[in-house]
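This is run23.cif (mmCIF, C-alpha atoms).
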```cif
data_my_file
#
loop_
_atom_site.group_PDB
_atom_site.id
_atom_site.type_symbol
_atom_site.label_atom_id
_atom_site.label_comp_id
_atom_site.auth_asym_id
_atom_site.auth_seq_id
_atom_site.Cartn_x
_atom_site.Cartn_y
_atom_site.Cartn_z
ATOM 1 C CA MET A 1 -1.517 17.734 13.360
ATOM 2 C CA MET A 2 -4.174 18.728 10.850
ATOM 3 C CA MET A 3 -4.865 22.230 12.205
ATOM 4 C CA GLY A 4 -3.490 25.313 10.515
ATOM 5 C CA THR A 5 -3.925 27.515 7.513
ATOM 6 C CA SER A 6 -3.553 26.506 3.910
ATOM 7 C CA SER A 7 -0.334 28.490 3.598
ATOM 8 C CA ARG A 8 1.216 26.665 6.545
ATOM 9 C CA MET A 9 0.031 23.278 5.320
ATOM 10 C CA GLY A 10 1.317 23.910 1.806
ATOM 11 C CA GLY A 11 -1.579 21.932 0.320
ATOM 12 C CA SER A 12 0.552 18.831 -0.050
ATOM 13 C CA PRO A 13 -1.476 15.622 -0.027
ATOM 14 C CA LEU A 14 1.312 14.116 2.089
ATOM 15 C CA ARG A 15 0.099 16.259 4.968
ATOM 16 C CA PHE A 16 -3.363 14.681 4.959
ATOM 17 C CA ARG A 17 -4.357 11.552 6.856
ATOM 18 C CA SER A 18 -6.374 10.623 3.787
ATOM 19 C CA TYR A 19 -3.165 10.107 1.815
ATOM 20 C CA TRP A 20 -1.579 7.859 4.444
ATOM 21 C CA ALA A 21 -4.830 5.946 4.964
ATOM 22 C CA GLY A 22 -4.939 5.290 1.217
ATOM 23 C CA PHE A 23 -1.269 4.341 1.253
ATOM 24 C CA LEU A 24 -1.768 1.744 4.004
ATOM 25 C CA LEU A 25 -4.858 0.387 2.274
ATOM 26 C CA GLY A 26 -2.885 0.116 -0.991
ATOM 27 C CA VAL A 27 -0.044 -1.802 0.667
ATOM 28 C CA ALA A 28 -2.544 -4.086 2.393
ATOM 29 C CA MET A 29 -4.541 -4.613 -0.812
ATOM 30 C CA MET A 30 -1.492 -5.616 -2.851
ATOM 31 C CA ALA A 31 -0.332 -7.915 -0.048
ATOM 32 C CA ALA A 32 -3.796 -9.498 -0.061
ATOM 33 C CA ILE A 33 -3.798 -9.910 -3.848
ATOM 34 C CA ASP A 34 -0.319 -11.452 -3.719
ATOM 35 C CA GLU A 35 -1.205 -13.791 -0.907
ATOM 36 C CA ILE A 36 -4.612 -14.865 -2.190
ATOM 37 C CA VAL A 37 -3.728 -15.238 -5.864
ATOM 38 C CA PHE A 38 -0.093 -16.381 -5.856
ATOM 39 C CA HIS A 39 0.214 -18.075 -2.444
ATOM 40 C CA GLN A 40 -3.188 -19.729 -2.136
ATOM 41 C CA ILE A 41 -5.044 -20.035 -5.462
ATOM 42 C CA LEU A 42 -2.098 -20.661 -7.808
ATOM 43 C CA ALA A 43 0.182 -22.041 -5.034
ATOM 44 C CA TRP A 44 3.239 -20.706 -6.891
ATOM 45 C CA HIS A 45 5.128 -19.755 -3.743
ATOM 46 C CA HIS A 46 4.966 -18.912 -0.041
ATOM 47 C CA PHE A 47 6.323 -15.793 1.584
ATOM 48 C CA TYR A 48 9.378 -17.756 2.737
ATOM 49 C CA ASP A 49 10.097 -20.788 0.577
ATOM 50 C CA ASN A 50 13.566 -21.720 1.848
ATOM 51 C CA ALA A 51 12.290 -23.677 4.838
ATOM 52 C CA SER A 52 10.047 -26.544 5.826
ATOM 53 C CA PRO A 53 6.413 -26.545 4.641
ATOM 54 C CA ASP A 54 5.300 -25.643 8.160
ATOM 55 C CA ILE A 55 7.528 -22.550 8.239
ATOM 56 C CA ALA A 56 6.403 -21.597 4.710
ATOM 57 C CA ILE A 57 2.750 -21.690 5.814
ATOM 58 C CA LEU A 58 3.623 -19.796 9.010
ATOM 59 C CA SER A 59 5.295 -17.083 6.926
ATOM 60 C CA ASP A 60 2.115 -16.752 4.840
ATOM 61 C CA GLY A 61 0.082 -16.434 8.040
ATOM 62 C CA LEU A 62 2.375 -13.683 9.332
ATOM 63 C CA LEU A 63 2.061 -11.844 6.003
ATOM 64 C CA HIS A 64 -1.721 -12.193 6.263
ATOM 65 C CA ALA A 65 -1.698 -10.835 9.831
ATOM 66 C CA ALA A 66 0.400 -7.828 8.760
ATOM 67 C CA GLU A 67 -1.915 -7.215 5.807
ATOM 68 C CA LEU A 68 -4.987 -7.279 8.069
ATOM 69 C CA PHE A 69 -3.293 -4.864 10.479
ATOM 70 C CA GLY A 70 -2.637 -2.538 7.516
ATOM 71 C CA PHE A 71 -6.298 -2.722 6.456
ATOM 72 C CA VAL A 72 -7.575 -1.999 9.973
ATOM 73 C CA PHE A 73 -5.118 0.841 10.646
ATOM 74 C CA GLY A 74 -5.769 2.353 7.201
ATOM 75 C CA PHE A 75 -9.537 2.249 7.692
ATOM 76 C CA PHE A 76 -9.229 3.840 11.143
ATOM 77 C CA LEU A 77 -7.048 6.622 9.713
ATOM 78 C CA MET A 78 -9.599 7.200 6.964
ATOM 79 C CA LEU A 79 -12.502 7.226 9.411
ATOM 80 C CA ASP A 80 -10.603 9.652 11.641
ATOM 81 C CA ALA A 81 -10.018 11.970 8.666
ATOM 82 C CA ARG A 82 -13.735 11.841 7.869
ATOM 83 C CA ARG A 83 -14.625 12.526 11.495
ATOM 84 C CA ARG A 84 -12.306 15.554 11.526
ATOM 85 C CA ARG A 85 -13.763 16.644 8.170
ATOM 86 C CA THR A 86 -10.289 16.525 6.620
ATOM 87 C CA PHE A 87 -10.892 13.644 4.218
ATOM 88 C CA TRP A 88 -9.540 14.333 0.710
ATOM 89 C CA ALA A 89 -10.623 11.538 -1.639
ATOM 90 C CA ALA A 90 -8.148 12.406 -4.407
ATOM 91 C CA ALA A 91 -5.250 12.296 -1.940
ATOM 92 C CA ALA A 92 -6.490 8.942 -0.621
ATOM 93 C CA TRP A 93 -6.567 7.496 -4.154
ATOM 94 C CA ALA A 94 -3.076 8.843 -4.899
ATOM 95 C CA GLY A 95 -1.779 7.253 -1.684
ATOM 96 C CA PHE A 96 -3.572 4.022 -2.560
ATOM 97 C CA LEU A 97 -1.770 3.778 -5.917
ATOM 98 C CA VAL A 98 1.579 4.571 -4.297
ATOM 99 C CA GLY A 99 0.948 1.847 -1.694
ATOM 100 C CA LEU A 100 -0.005 -0.717 -4.348
ATOM 101 C CA GLY A 101 3.064 -0.003 -6.457
ATOM 102 C CA LEU A 102 5.514 0.297 -3.583
ATOM 103 C CA PHE A 103 4.481 -3.069 -2.125
ATOM 104 C CA GLN A 104 4.743 -4.786 -5.493
ATOM 105 C CA LEU A 105 8.151 -3.284 -6.301
ATOM 106 C CA TRP A 106 9.456 -4.047 -2.803
ATOM 107 C CA ASP A 107 8.282 -7.637 -3.169
ATOM 108 C CA GLY A 108 9.686 -7.998 -6.682
ATOM 109 C CA ILE A 109 13.076 -6.423 -6.020
ATOM 110 C CA VAL A 110 13.825 -6.886 -2.320
ATOM 111 C CA ASP A 111 11.931 -10.099 -1.449
ATOM 112 C CA HIS A 112 12.484 -11.896 -4.776
ATOM 113 C CA LYS A 113 15.951 -10.790 -5.854
ATOM 114 C CA ILE A 114 17.893 -9.353 -2.918
ATOM 115 C CA LEU A 115 16.652 -11.449 0.015
ATOM 116 C CA ARG A 116 15.570 -14.397 -2.175
ATOM 117 C CA LEU A 117 12.701 -15.211 0.188
ATOM 118 C CA HIS A 118 10.767 -16.618 -2.759
ATOM 119 C CA GLN A 119 10.409 -16.306 -6.512
ATOM 120 C CA ILE A 120 7.184 -15.560 -8.359
ATOM 121 C CA ARG A 121 7.115 -19.069 -9.768
ATOM 122 C CA TYR A 122 9.408 -22.069 -9.879
ATOM 123 C CA GLY A 123 10.368 -24.355 -12.753
ATOM 124 C CA VAL A 124 9.897 -21.710 -15.463
ATOM 125 C CA GLU A 125 11.943 -18.953 -17.081
ATOM 126 C CA LEU A 126 11.727 -16.170 -14.475
ATOM 127 C CA LEU A 127 12.582 -13.172 -16.647
ATOM 128 C CA PRO A 128 9.093 -12.663 -18.176
ATOM 129 C CA TYR A 129 7.485 -13.008 -14.732
ATOM 130 C CA ASP A 130 9.984 -10.626 -13.114
ATOM 131 C CA VAL A 131 9.551 -8.059 -15.879
ATOM 132 C CA ALA A 132 5.740 -8.218 -15.742
ATOM 133 C CA TRP A 133 5.714 -8.075 -11.926
ATOM 134 C CA ASN A 134 8.119 -5.161 -11.603
ATOM 135 C CA VAL A 135 6.806 -3.166 -14.563
ATOM 136 C CA ALA A 136 3.252 -3.456 -13.203
ATOM 137 C CA GLY A 137 4.472 -2.291 -9.789
ATOM 138 C CA ALA A 138 6.439 0.584 -11.322
ATOM 139 C CA LEU A 139 3.413 1.719 -13.352
ATOM 140 C CA LEU A 140 1.242 1.756 -10.245
ATOM 141 C CA LEU A 141 3.892 3.601 -8.235
ATOM 142 C CA VAL A 142 4.609 6.177 -10.940
ATOM 143 C CA SER A 143 0.875 6.760 -11.473
ATOM 144 C CA GLY A 144 0.435 7.413 -7.762
ATOM 145 C CA LEU A 145 3.476 9.685 -7.585
ATOM 146 C CA ILE A 146 2.310 11.712 -10.595
ATOM 147 C CA TRP A 147 -1.151 12.051 -9.058
ATOM 148 C CA THR A 148 0.454 13.111 -5.761
ATOM 149 C CA ALA A 149 2.540 15.752 -7.559
ATOM 150 C CA VAL A 150 -0.495 17.066 -9.460
ATOM 151 C CA LEU A 151 -2.448 17.369 -6.217
ATOM 152 C CA ALA A 152 0.469 19.106 -4.495
ATOM 153 C CA ARG A 153 0.748 21.601 -7.349
ATOM 154 C CA ARG A 154 -3.017 22.184 -7.354
ATOM 155 C CA GLY A 155 -3.006 22.791 -3.604
ATOM 156 C CA THR A 156 -5.630 21.985 -1.061
ATOM 157 C CA PRO A 157 -9.014 20.592 -2.075
ATOM 158 C CA GLY A 158 -11.944 22.861 -2.907
ATOM 159 C CA ARG A 159 -13.062 23.300 0.677
ATOM 160 C CA ALA A 160 -10.756 24.365 3.491
ATOM 161 C CA GLU A 161 -10.381 20.867 4.931
ATOM 162 C CA ASP A 162 -7.002 21.463 6.519
ATOM 163 C CA SER A 163 -8.300 24.295 8.700
ATOM 164 C CA ALA A 164 -11.002 22.200 10.375
ATOM 165 C CA THR A 165 -10.660 22.051 14.117
ATOM 166 C CA PRO A 166 -10.596 18.475 15.419
ATOM 167 C CA GLN A 167 -13.616 17.614 17.523
ATOM 168 C CA PRO A 168 -13.118 16.110 20.984
ATOM 169 C CA ILE A 169 -13.945 12.444 21.307
ATOM 170 C CA SER A 170 -17.290 12.055 23.039
#
```

Can the structure in the file be given as structure tokens, please?
Amino acid sequence: MMMGTSSRMGGSPLRFRSYWAGFLLGVAMMAAIDEIVFHQILAWHHFYDNASPDIAILSDGLLHAAELFGFVFGFFLMLDARRRRTFWAAAAWAGFLVGLGLFQLWDGIVDHKILRLHQIRYGVELLPYDVAWNVAGALLLVSGLIWTAVLARRGTPGRAEDSATPQPIS
């Protein structure tokens, strides 16, 4: 719950809905970029390539549905934080970067290499693609984690957002 004093909350951005809203929006955004650019525009792969074309397209549709759910849930969390007057933009941006990077690294390491659901591209030397994909994801993730740590060290935002009393739904 968002009620309490700054000392009890610890000022960590992880305790703010803004952070988790940004995180969900980051995951959804990177899923959308992956799906739109690599699955649809470039047609390099599908989410699950080791099946019939119909199953490959179905897997892309399920990824798209999950991505849309992430966008909707993230926006509702952000709107709820704004309604409660607990929105912290810097925490939301830090969470957004963490979400972007975590999705990309998960996709590059778990989906591509461990589960082998698909590769970035077929018929080419994969190493440069894998390095670019995973380094980009790591840079995004590390940037978000550093920002999160800086915000945690700095404490709560300028105004006492975490002590706002939630308003009843009317």

Explicit residue set for the PyMOL selection byres ((chain A and resi 31) around 8), as a list in words = Val27, Ala28, Met29, Met30, Ala32, Ile33, Asp34, Glu35, Leu63, His64, Glu67 and Phe103 of chain A

So how far away is atom CA of A:Ile109 from atom CA of A:Trp44, in Å?
->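 According to the coordinates, atom CA of A:Trp44 and atom CA of A:Ile109 are separated by 17.4 Å.
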
Please write as a count of residues only the list of polymer residues whose atoms come within 10 Å of (5.5, -17.7, 3.8), counting all atoms listed in the file and keeping to the coordinates of the file.
-> 23

May I ask for the distance between atom CA of A:Leu139 and atom CA of A:Lys113, given in Å to one decimal place?
-> 19.2 Å

Distance query A:Leu25 at most 10 Å, all atoms listed in the file, self and fewer than 4 positions along chain excluded, as a list in words = Tyr19, Trp20, Ala21, Met29, Met30, Ala31, Glu67, Leu68, Phe69, Gly70, Phe71, Val72, Phe73, Gly74, Phe75, Leu77, Met78, Ala92, Trp93, Gly95, Phe96, Leu97, Gly99 and Leu100 of chain A

Target residues per the PyMOL selection byres ((chain A and resi 101) around 6), formatted as an MDAnalysis selection string | chainID A and resid 98:100 102:104 137:138 140:141

Please reconstruct the missing atoms of stretch 56-78 of chain A (target: N, CA, C and O atoms) and return them as an mmCIF file, keeping the file's coordinate frame.
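What ended up in result.cif:
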```cif
data_model
loop_
_atom_site.group_PDB
_atom_site.id
_atom_site.type_symbol
_atom_site.label_atom_id
_atom_site.label_comp_id
_atom_site.auth_asym_id
_atom_site.auth_seq_id
_atom_site.Cartn_x
_atom_site.Cartn_y
_atom_site.Cartn_z
ATOM 1 N N ALA A 56 6.924 -22.313 5.879
ATOM 2 C CA ALA A 56 6.403 -21.597 4.710
ATOM 3 C C ALA A 56 4.962 -21.147 4.951
ATOM 4 O O ALA A 56 4.602 -20.000 4.671
ATOM 5 N N ILE A 57 4.144 -22.040 5.509
ATOM 6 C CA ILE A 57 2.750 -21.690 5.814
ATOM 7 C C ILE A 57 2.692 -20.645 6.928
ATOM 8 O O ILE A 57 1.896 -19.713 6.867
ATOM 9 N N LEU A 58 3.561 -20.790 7.938
ATOM 10 C CA LEU A 58 3.623 -19.796 9.010
ATOM 11 C C LEU A 58 3.970 -18.420 8.448
ATOM 12 O O LEU A 58 3.370 -17.413 8.834
ATOM 13 N N SER A 59 4.914 -18.369 7.513
ATOM 14 C CA SER A 59 5.295 -17.083 6.926
ATOM 15 C C SER A 59 4.119 -16.455 6.171
ATOM 16 O O SER A 59 3.930 -15.240 6.213
ATOM 17 N N ASP A 60 3.311 -17.272 5.497
ATOM 18 C CA ASP A 60 2.115 -16.752 4.840
ATOM 19 C C ASP A 60 1.122 -16.203 5.865
ATOM 20 O O ASP A 60 0.491 -15.162 5.650
ATOM 21 N N GLY A 61 0.981 -16.898 6.984
ATOM 22 C CA GLY A 61 0.082 -16.434 8.040
ATOM 23 C C GLY A 61 0.541 -15.110 8.633
ATOM 24 O O GLY A 61 -0.273 -14.227 8.910
ATOM 25 N N LEU A 62 1.853 -14.944 8.809
ATOM 26 C CA LEU A 62 2.375 -13.683 9.332
ATOM 27 C C LEU A 62 2.164 -12.547 8.327
ATOM 28 O O LEU A 62 1.828 -11.422 8.717
ATOM 29 N N LEU A 63 2.351 -12.838 7.039
ATOM 30 C CA LEU A 63 2.061 -11.844 6.003
ATOM 31 C C LEU A 63 0.581 -11.461 6.055
ATOM 32 O O LEU A 63 0.234 -10.278 5.974
ATOM 33 N N HIS A 64 -0.281 -12.448 6.195
ATOM 34 C CA HIS A 64 -1.721 -12.193 6.263
ATOM 35 C C HIS A 64 -2.061 -11.335 7.482
ATOM 36 O O HIS A 64 -2.863 -10.394 7.391
ATOM 37 N N ALA A 65 -1.447 -11.625 8.624
ATOM 38 C CA ALA A 65 -1.698 -10.835 9.831
ATOM 39 C C ALA A 65 -1.253 -9.385 9.634
ATOM 40 O O ALA A 65 -1.970 -8.445 10.017
ATOM 41 N N ALA A 66 -0.086 -9.185 9.016
ATOM 42 C CA ALA A 66 0.400 -7.828 8.760
ATOM 43 C C ALA A 66 -0.527 -7.091 7.795
ATOM 44 O O ALA A 66 -0.819 -5.903 7.974
ATOM 45 N N GLU A 67 -0.991 -7.798 6.787
ATOM 46 C CA GLU A 67 -1.915 -7.215 5.807
ATOM 47 C C GLU A 67 -3.223 -6.794 6.488
ATOM 48 O O GLU A 67 -3.731 -5.692 6.241
ATOM 49 N N LEU A 68 -3.758 -7.633 7.353
ATOM 50 C CA LEU A 68 -4.987 -7.279 8.069
ATOM 51 C C LEU A 68 -4.772 -6.086 8.983
ATOM 52 O O LEU A 68 -5.635 -5.209 9.093
ATOM 53 N N PHE A 69 -3.619 -6.016 9.644
ATOM 54 C CA PHE A 69 -3.293 -4.864 10.479
ATOM 55 C C PHE A 69 -3.263 -3.596 9.623
ATOM 56 O O PHE A 69 -3.777 -2.547 10.024
ATOM 57 N N GLY A 70 -2.674 -3.683 8.424
ATOM 58 C CA GLY A 70 -2.637 -2.538 7.516
ATOM 59 C C GLY A 70 -4.029 -2.089 7.108
ATOM 60 O O GLY A 70 -4.322 -0.894 7.070
ATOM 61 N N PHE A 71 -4.911 -3.056 6.798
ATOM 62 C CA PHE A 71 -6.298 -2.722 6.456
ATOM 63 C C PHE A 71 -6.989 -2.009 7.621
ATOM 64 O O PHE A 71 -7.609 -0.959 7.438
ATOM 65 N N VAL A 72 -6.887 -2.573 8.811
ATOM 66 C CA VAL A 72 -7.575 -1.999 9.973
ATOM 67 C C VAL A 72 -7.032 -0.608 10.278
ATOM 68 O O VAL A 72 -7.799 0.347 10.452
ATOM 69 N N PHE A 73 -5.713 -0.454 10.324
ATOM 70 C CA PHE A 73 -5.118 0.841 10.646
ATOM 71 C C PHE A 73 -5.464 1.865 9.564
ATOM 72 O O PHE A 73 -5.793 3.018 9.866
ATOM 73 N N GLY A 74 -5.417 1.452 8.297
ATOM 74 C CA GLY A 74 -5.769 2.353 7.201
ATOM 75 C C GLY A 74 -7.217 2.804 7.274
ATOM 76 O O GLY A 74 -7.529 3.988 7.077
ATOM 77 N N PHE A 75 -8.123 1.881 7.575
ATOM 78 C CA PHE A 75 -9.537 2.249 7.692
ATOM 79 C C PHE A 75 -9.759 3.188 8.880
ATOM 80 O O PHE A 75 -10.528 4.141 8.785
ATOM 81 N N PHE A 76 -9.072 2.948 10.002
ATOM 82 C CA PHE A 76 -9.229 3.840 11.143
ATOM 83 C C PHE A 76 -8.682 5.234 10.833
ATOM 84 O O PHE A 76 -9.284 6.238 11.235
ATOM 85 N N LEU A 77 -7.561 5.310 10.119
ATOM 86 C CA LEU A 77 -7.048 6.622 9.713
ATOM 87 C C LEU A 77 -8.046 7.338 8.808
ATOM 88 O O LEU A 77 -8.271 8.546 8.938
ATOM 89 N N MET A 78 -8.645 6.596 7.879
ATOM 90 C CA MET A 78 -9.599 7.200 6.964
ATOM 91 C C MET A 78 -10.847 7.661 7.719
ATOM 92 O O MET A 78 -11.354 8.766 7.487
#
```
